[in-house]
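Structure file structure-v7.csv (CSV, C-alpha atoms) follows.
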chain,number,residue,atom,x,y,z
A,1,MET,CA,-72.1,-35.3,-12.1
A,2,ALA,CA,-72.1,-36.2,-15.8
A,3,GLY,CA,-69.5,-33.7,-17.1
A,4,ILE,CA,-67.0,-33.8,-14.2
A,5,THR,CA,-63.5,-35.1,-14.8
A,6,TYR,CA,-60.7,-35.5,-12.2
A,7,GLU,CA,-57.0,-34.9,-11.9
A,8,VAL,CA,-54.2,-36.8,-10.0
A,9,ASP,CA,-52.2,-34.8,-7.5
A,10,ASP,CA,-49.4,-37.3,-7.3
A,11,LYS,CA,-47.7,-37.3,-10.8
A,12,ASN,CA,-45.7,-40.3,-9.8
A,13,ILE,CA,-48.9,-42.4,-10.0
A,14,VAL,CA,-49.4,-41.2,-13.6
A,15,GLU,CA,-45.8,-42.1,-14.5
A,16,GLN,CA,-46.2,-45.6,-12.9
A,17,ILE,CA,-49.4,-46.1,-14.9
A,18,LYS,CA,-47.6,-45.2,-18.1
A,19,SER,CA,-44.8,-47.6,-17.2
A,20,ASP,CA,-47.3,-50.4,-16.4
A,21,ALA,CA,-49.0,-49.8,-19.8
A,22,MET,CA,-45.6,-50.1,-21.6
A,23,ASN,CA,-44.9,-53.4,-19.9
A,24,VAL,CA,-48.3,-54.8,-20.7
A,25,ALA,CA,-47.9,-53.9,-24.4
A,26,ALA,CA,-44.4,-55.4,-24.6
A,27,GLU,CA,-45.6,-58.6,-23.0
A,28,LEU,CA,-48.6,-58.9,-25.3
A,29,VAL,CA,-46.5,-58.3,-28.4
A,30,GLU,CA,-44.3,-61.2,-27.5
A,31,VAL,CA,-46.9,-63.7,-26.2
A,32,ALA,CA,-49.5,-63.0,-29.0
A,33,LYS,CA,-46.8,-62.8,-31.7
A,34,LEU,CA,-48.1,-59.5,-32.9
A,35,LYS,CA,-46.7,-58.0,-36.1
A,36,LYS,CA,-46.9,-54.9,-38.3
A,37,GLY,CA,-50.4,-54.1,-39.3
A,38,ASP,CA,-52.1,-56.0,-36.5
A,39,ILE,CA,-54.8,-54.4,-34.4
A,40,VAL,CA,-55.1,-54.5,-30.6
A,41,VAL,CA,-58.4,-53.5,-29.2
A,42,VAL,CA,-58.1,-51.7,-25.8
A,43,GLY,CA,-60.9,-51.1,-23.4
A,44,CYS,CA,-59.8,-48.8,-20.5
A,45,SER,CA,-61.3,-47.5,-17.3
A,46,THR,CA,-59.1,-44.7,-16.0
A,47,SER,CA,-61.4,-44.8,-12.9
A,48,GLU,CA,-60.3,-48.4,-12.2
A,49,THR,CA,-56.6,-47.6,-12.6
A,50,LEU,CA,-57.0,-45.3,-9.6
A,51,GLY,CA,-59.0,-47.7,-7.5
A,52,ASN,CA,-62.4,-46.3,-8.3
A,53,GLN,CA,-65.5,-47.9,-9.8
A,54,VAL,CA,-65.6,-48.0,-13.6
A,55,GLY,CA,-67.3,-44.9,-15.0
A,56,SER,CA,-67.1,-42.9,-11.8
A,57,HIS,CA,-63.8,-41.0,-11.9
A,58,SER,CA,-62.7,-40.2,-15.4
A,59,VAL,CA,-59.1,-38.8,-15.5
A,60,PRO,CA,-57.9,-37.4,-18.9
A,61,GLU,CA,-54.2,-37.3,-17.9
A,62,VAL,CA,-54.3,-41.0,-17.0
A,63,GLY,CA,-56.0,-41.8,-20.3
A,64,LYS,CA,-53.2,-40.0,-22.1
A,65,ALA,CA,-50.5,-41.7,-20.0
A,66,ILE,CA,-51.9,-45.1,-20.9
A,67,TYR,CA,-52.1,-44.2,-24.5
A,68,ASP,CA,-48.5,-42.9,-24.4
A,69,GLY,CA,-47.3,-46.1,-22.7
A,70,LEU,CA,-49.0,-48.5,-25.1
A,71,GLN,CA,-48.2,-46.4,-28.2
A,72,SER,CA,-44.5,-46.3,-27.3
A,73,VAL,CA,-44.4,-50.1,-27.9
A,74,PHE,CA,-47.1,-50.7,-30.5
A,75,GLY,CA,-46.3,-47.6,-32.6
A,76,ALA,CA,-42.7,-48.7,-32.9
A,77,LYS,CA,-43.8,-52.0,-34.3
A,78,GLY,CA,-46.5,-50.7,-36.7
A,79,ILE,CA,-49.3,-52.2,-34.5
A,80,TYR,CA,-52.6,-50.2,-34.3
A,81,ILE,CA,-54.5,-49.4,-31.2
A,82,ALA,CA,-58.3,-49.7,-31.5
A,83,ALA,CA,-59.7,-47.7,-28.5
A,84,GLN,CA,-63.0,-49.0,-27.3
A,85,CYS,CA,-65.3,-46.3,-26.1
A,86,CYS,CA,-67.5,-46.7,-23.1
A,87,GLU,CA,-71.1,-47.9,-23.2
A,88,HIS,CA,-72.4,-44.3,-23.7
A,89,LEU,CA,-71.1,-44.6,-27.3
A,90,ASN,CA,-72.2,-48.3,-27.6
A,91,ARG,CA,-68.5,-49.4,-27.3
A,92,ALA,CA,-67.6,-47.8,-30.6
A,93,ILE,CA,-64.0,-48.0,-31.8
A,94,ILE,CA,-61.6,-45.1,-32.4
A,95,ILE,CA,-58.7,-46.1,-34.7
A,96,GLU,CA,-56.3,-44.7,-37.3
A,97,HIS,CA,-58.0,-44.5,-40.7
A,98,GLU,CA,-55.0,-46.1,-42.4
A,99,ALA,CA,-55.6,-49.3,-40.4
A,100,VAL,CA,-59.1,-49.7,-41.7
A,101,PRO,CA,-59.2,-47.8,-45.1
A,102,ASN,CA,-62.3,-49.6,-46.3
A,103,ALA,CA,-64.3,-49.8,-43.1
A,104,GLU,CA,-67.7,-48.1,-42.6
A,105,ILE,CA,-67.0,-44.9,-40.6
A,106,VAL,CA,-69.5,-43.5,-38.2
A,107,ASN,CA,-69.6,-39.9,-36.8
A,108,VAL,CA,-68.8,-39.4,-33.2
A,109,VAL,CA,-66.0,-37.7,-31.2
A,110,PRO,CA,-65.4,-39.2,-27.8
A,111,GLN,CA,-65.2,-37.1,-24.7
A,112,PRO,CA,-64.0,-38.1,-21.2
A,113,LYS,CA,-67.6,-38.7,-20.0
A,114,ALA,CA,-69.0,-40.0,-23.3
A,115,GLY,CA,-66.5,-42.4,-24.7
A,116,GLY,CA,-63.9,-42.3,-21.9
A,117,SER,CA,-60.6,-40.6,-21.2
A,118,PHE,CA,-58.6,-43.2,-23.0
A,119,ALA,CA,-60.6,-43.1,-26.3
A,120,THR,CA,-60.5,-39.3,-26.0
A,121,ALA,CA,-56.7,-39.3,-25.7
A,122,CYS,CA,-56.5,-41.7,-28.7
A,123,TYR,CA,-58.7,-39.5,-30.8
A,124,ALA,CA,-56.6,-36.4,-30.0
A,125,SER,CA,-53.3,-38.3,-30.7
A,126,PHE,CA,-54.0,-40.2,-33.8
A,127,LYS,CA,-53.0,-38.7,-37.2
A,128,ALA,CA,-56.4,-39.3,-38.8
A,129,PRO,CA,-58.8,-40.8,-36.3
A,130,VAL,CA,-62.1,-42.4,-37.3
A,131,ALA,CA,-64.9,-44.1,-35.4
A,132,LEU,CA,-66.3,-47.5,-36.3
A,133,GLU,CA,-69.1,-49.5,-34.8
A,134,HIS,CA,-67.4,-52.9,-35.3
A,135,ILE,CA,-63.9,-54.3,-35.7
A,136,LYS,CA,-62.3,-57.8,-35.4
A,137,ALA,CA,-59.0,-57.2,-33.7
A,138,ASN,CA,-56.0,-59.6,-33.5
A,139,ALA,CA,-55.6,-59.2,-29.8
A,140,GLY,CA,-56.9,-57.2,-26.9
A,141,ILE,CA,-56.3,-55.6,-23.5
A,142,ASP,CA,-59.1,-55.0,-21.1
A,143,ILE,CA,-58.1,-52.5,-18.4
A,144,GLY,CA,-60.5,-52.6,-15.5
A,145,GLY,CA,-63.3,-54.9,-16.7
A,146,THR,CA,-64.5,-53.0,-19.8
A,147,LEU,CA,-65.6,-56.1,-21.8
A,148,ILE,CA,-63.7,-56.0,-25.1
A,149,GLY,CA,-64.8,-59.5,-26.4
A,150,MET,CA,-67.2,-58.0,-28.9
A,151,HIS,CA,-64.3,-56.5,-30.9
A,152,LEU,CA,-62.0,-59.6,-31.0
A,153,ARG,CA,-61.8,-62.2,-33.8
A,154,GLU,CA,-64.1,-65.1,-33.0
A,155,VAL,CA,-61.6,-67.5,-31.4
A,156,ALA,CA,-60.1,-65.5,-28.5
A,157,VAL,CA,-57.5,-67.1,-26.3
A,158,PRO,CA,-56.9,-65.7,-22.8
A,159,VAL,CA,-53.3,-64.5,-22.2
A,160,ARG,CA,-51.9,-64.3,-18.7
A,161,LEU,CA,-49.4,-61.5,-18.4
A,162,LYS,CA,-46.9,-61.1,-15.6
A,163,GLN,CA,-47.8,-57.4,-15.6
A,164,ASN,CA,-51.4,-58.0,-14.7
A,165,HIS,CA,-52.3,-54.5,-13.5
A,166,ILE,CA,-52.2,-51.0,-14.8
A,167,GLY,CA,-52.3,-48.9,-11.7
A,168,LYS,CA,-55.0,-50.6,-9.6
A,169,ALA,CA,-56.9,-51.9,-12.6
A,170,ILE,CA,-56.8,-55.7,-13.4
A,171,ILE,CA,-55.6,-56.6,-16.9
A,172,ILE,CA,-57.2,-59.3,-18.9
A,173,ALA,CA,-55.5,-59.8,-22.3
A,174,ALA,CA,-56.3,-62.0,-25.2
A,175,ARG,CA,-54.9,-63.2,-28.5
A,176,THR,CA,-56.8,-64.8,-31.3
A,177,ARG,CA,-56.3,-67.8,-33.6
A,178,PRO,CA,-57.9,-69.1,-36.7
A,179,LYS,CA,-61.0,-71.4,-36.2
A,180,PHE,CA,-60.5,-75.2,-36.6
A,181,ILE,CA,-63.3,-76.4,-38.9
A,182,GLY,CA,-64.2,-79.8,-40.1
A,183,GLY,CA,-64.6,-82.8,-37.9
A,184,GLU,CA,-62.9,-86.0,-36.9
A,185,ARG,CA,-61.4,-86.6,-40.4
A,186,ALA,CA,-60.1,-83.1,-40.7
A,187,HIS,CA,-56.4,-82.4,-40.6
A,188,TYR,CA,-55.0,-79.1,-39.2
A,189,ASN,CA,-51.9,-77.0,-39.7
A,190,ASP,CA,-50.3,-77.1,-36.2
A,191,ALA,CA,-48.6,-73.7,-36.9
A,192,LEU,CA,-51.9,-72.0,-36.7
A,193,LYS,CA,-52.7,-73.1,-33.2
A,194,ASP,CA,-50.6,-70.2,-31.9
A,195,GLY,CA,-52.1,-67.5,-34.0
A,196,TYR,CA,-52.3,-66.1,-37.5
A,197,PRO,CA,-49.4,-66.7,-40.0
A,198,GLU,CA,-47.2,-64.0,-41.5
A,199,PHE,CA,-47.6,-63.7,-45.2
Now that the file is in, can you turn its structure into structure tokens?
Amino acid sequence: MAGITYEVDDKNIVEQIKSDAMNVAAELVEVAKLKKGDIVVVGCSTSETLGNQVGSHSVPEVGKAIYDGLQSVFGAKGIYIAAQCCEHLNRAIIIEHEAVPNAEIVNVVPQPKAGGSFATACYASFKAPVALEHIKANAGIDIGGTLIGMHLREVAVPVRLKQNHIGKAIIIAARTRPKFIGGERAHYNDALKDGYPEF
């Protein structure tokens, strides 16, 4: 049924999911060399974290646990979460306004069954949440096969993490790097192969 959400009886599962999310965030910060002001797009199926099919078993408390786990790492480093909504909202992005002060804002408020439990938790937790149709994030975390590629900068590089699950959901992570342009006579700055520079 369209409006039904679920709960988890075993609160240890929720705590484990939060811990998994913290570990994923910490690893990605290190591997992708993320820094203050960077944006990480996160697509999340709470259904998949509990072993169910994406879109079938929305669980608000799991969405909040994943947000809390990720934010405990990213927030401390000044890195922004861009929460990708589900396909019912055309994979719109929920993000803190201060991260994108000049972006074109659209009007939608995510709900667990129209946007997803994770995006809903982000909207409720951010200081000044806004919705966008498009963003080009520095890195990304796909929790349970939600297809985040449309919101990454153009040259996305897969990142293999040791923490490759949150709950039962498979994690696919990515970092980005500047494009190499030119041709056989072009010379490149080797330092940019690993990502964007700090200025």
Self-check item: Residue among A:Val159, A:Ala169, A:Ala82, A:Ala114 lying closest to Glu133 of chain A, counting all atoms listed in the file
Solution: A:Ala82
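Coordinates place atom CA of Lys33 of chain A at a distance of 13.5 Å from atom CA of Val73 of chain A.
You can rank A:Gln53, A:Ile166, A:Lys36, A:Phe74 by their closest distance to Ile13 of chain A using only C-alpha atoms, and at the top of that list sits A:Ile166.
Straight-line separation from atom CA of Lys193 of chain A to atom CA of Ala156 of chain A: 11.6 Å.
Put simply, atom CA of Ser58 of chain A is 13.6 Å away from atom CA of Gly43 of chain A.
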Self-check item: Selection as a PyMOL selection string: residues within 10 Å of (-54.3, -54.6, -14.1), counting only C-alpha atoms
Solution: chain A and resi 17+20-21+24+48-49+141-145+161-173
Quiz prompt | Residue with smallest distance to His151 of chain A - pool A:Ser117, A:Gly69, A:Asn12, A:Leu132, counting all atoms listed in the file | solution = A:Leu132
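Of the listed residues (A:Glu104, A:Arg153, A:Gly116, A:His97), A:His97 comes nearest to Pro129 of chain A; the distances count only C-alpha atoms.
A search radius of 10 Å centred on (-73.5, -48.1, -36.2), applied to all atoms listed in the file, returns the residues Leu89, Asn90, Ala92, Glu104, Ile105, Val106, Asn107, Ala131, Leu132, Glu133 and His134 of chain A.
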Export of prior selection with C-alpha atoms as an mmCIF file, in the frame of the given file:
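File produced: selection.cif:
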data_model
loop_
_atom_site.group_PDB
_atom_site.id
_atom_site.type_symbol
_atom_site.label_atom_id
_atom_site.label_comp_id
_atom_site.auth_asym_id
_atom_site.auth_seq_id
_atom_site.Cartn_x
_atom_site.Cartn_y
_atom_site.Cartn_z
ATOM 1 C CA LEU A 89 -71.100 -44.600 -27.300
ATOM 2 C CA ASN A 90 -72.200 -48.300 -27.600
ATOM 3 C CA ALA A 92 -67.600 -47.800 -30.600
ATOM 4 C CA GLU A 104 -67.700 -48.100 -42.600
ATOM 5 C CA ILE A 105 -67.000 -44.900 -40.600
ATOM 6 C CA VAL A 106 -69.500 -43.500 -38.200
ATOM 7 C CA ASN A 107 -69.600 -39.900 -36.800
ATOM 8 C CA ALA A 131 -64.900 -44.100 -35.400
ATOM 9 C CA LEU A 132 -66.300 -47.500 -36.300
ATOM 10 C CA GLU A 133 -69.100 -49.500 -34.800
ATOM 11 C CA HIS A 134 -67.400 -52.900 -35.300
#
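Closest approach to Val155 of chain A among A:Ile66, A:Cys44, A:Ala139, A:Ile79: A:Ala139, based on only C-alpha atoms.
Counting only C-alpha atoms and comparing A:Asn23, A:Ser47, A:Thr120, A:Gln111, the residue that lies closest to Ser72 of chain A is A:Asn23.
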Mind rebuilding segment 118-130 of chain A with N, CA and C atoms and writing that out as a CSV table (one decimal), in the frame of the given file?
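Result went into result_10.csv, see below:
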chain,number,residue,atom,x,y,z
A,118,PHE,N,-59.5,-42.6,-22.2
A,118,PHE,CA,-58.6,-43.2,-23.0
A,118,PHE,C,-58.9,-43.0,-24.5
A,119,ALA,N,-60.2,-43.3,-24.9
A,119,ALA,CA,-60.6,-43.1,-26.3
A,119,ALA,C,-60.4,-41.7,-26.7
A,120,THR,N,-60.7,-40.7,-25.8
A,120,THR,CA,-60.5,-39.3,-26.0
A,120,THR,C,-59.1,-39.0,-26.3
A,121,ALA,N,-58.2,-39.6,-25.5
A,121,ALA,CA,-56.7,-39.3,-25.7
A,121,ALA,C,-56.3,-39.9,-27.1
A,122,CYS,N,-56.8,-41.1,-27.4
A,122,CYS,CA,-56.5,-41.7,-28.7
A,122,CYS,C,-56.9,-40.8,-29.9
A,123,TYR,N,-58.2,-40.3,-29.8
A,123,TYR,CA,-58.7,-39.5,-30.8
A,123,TYR,C,-57.9,-38.2,-31.0
A,124,ALA,N,-57.4,-37.7,-29.9
A,124,ALA,CA,-56.6,-36.4,-30.0
A,124,ALA,C,-55.2,-36.7,-30.5
A,125,SER,N,-54.7,-37.9,-30.3
A,125,SER,CA,-53.3,-38.3,-30.7
A,125,SER,C,-53.1,-38.9,-32.0
A,126,PHE,N,-54.1,-39.6,-32.5
A,126,PHE,CA,-54.0,-40.2,-33.8
A,126,PHE,C,-53.9,-39.2,-34.9
A,127,LYS,N,-53.2,-39.6,-36.0
A,127,LYS,CA,-53.0,-38.7,-37.2
A,127,LYS,C,-54.3,-38.4,-37.9
A,128,ALA,N,-55.1,-39.5,-38.1
A,128,ALA,CA,-56.4,-39.3,-38.8
A,128,ALA,C,-57.4,-40.3,-38.2
A,129,PRO,N,-57.9,-39.9,-37.0
A,129,PRO,CA,-58.8,-40.8,-36.3
A,129,PRO,C,-60.2,-41.0,-36.9
A,130,VAL,N,-60.7,-42.2,-36.9
A,130,VAL,CA,-62.1,-42.4,-37.3
A,130,VAL,C,-62.7,-43.3,-36.3
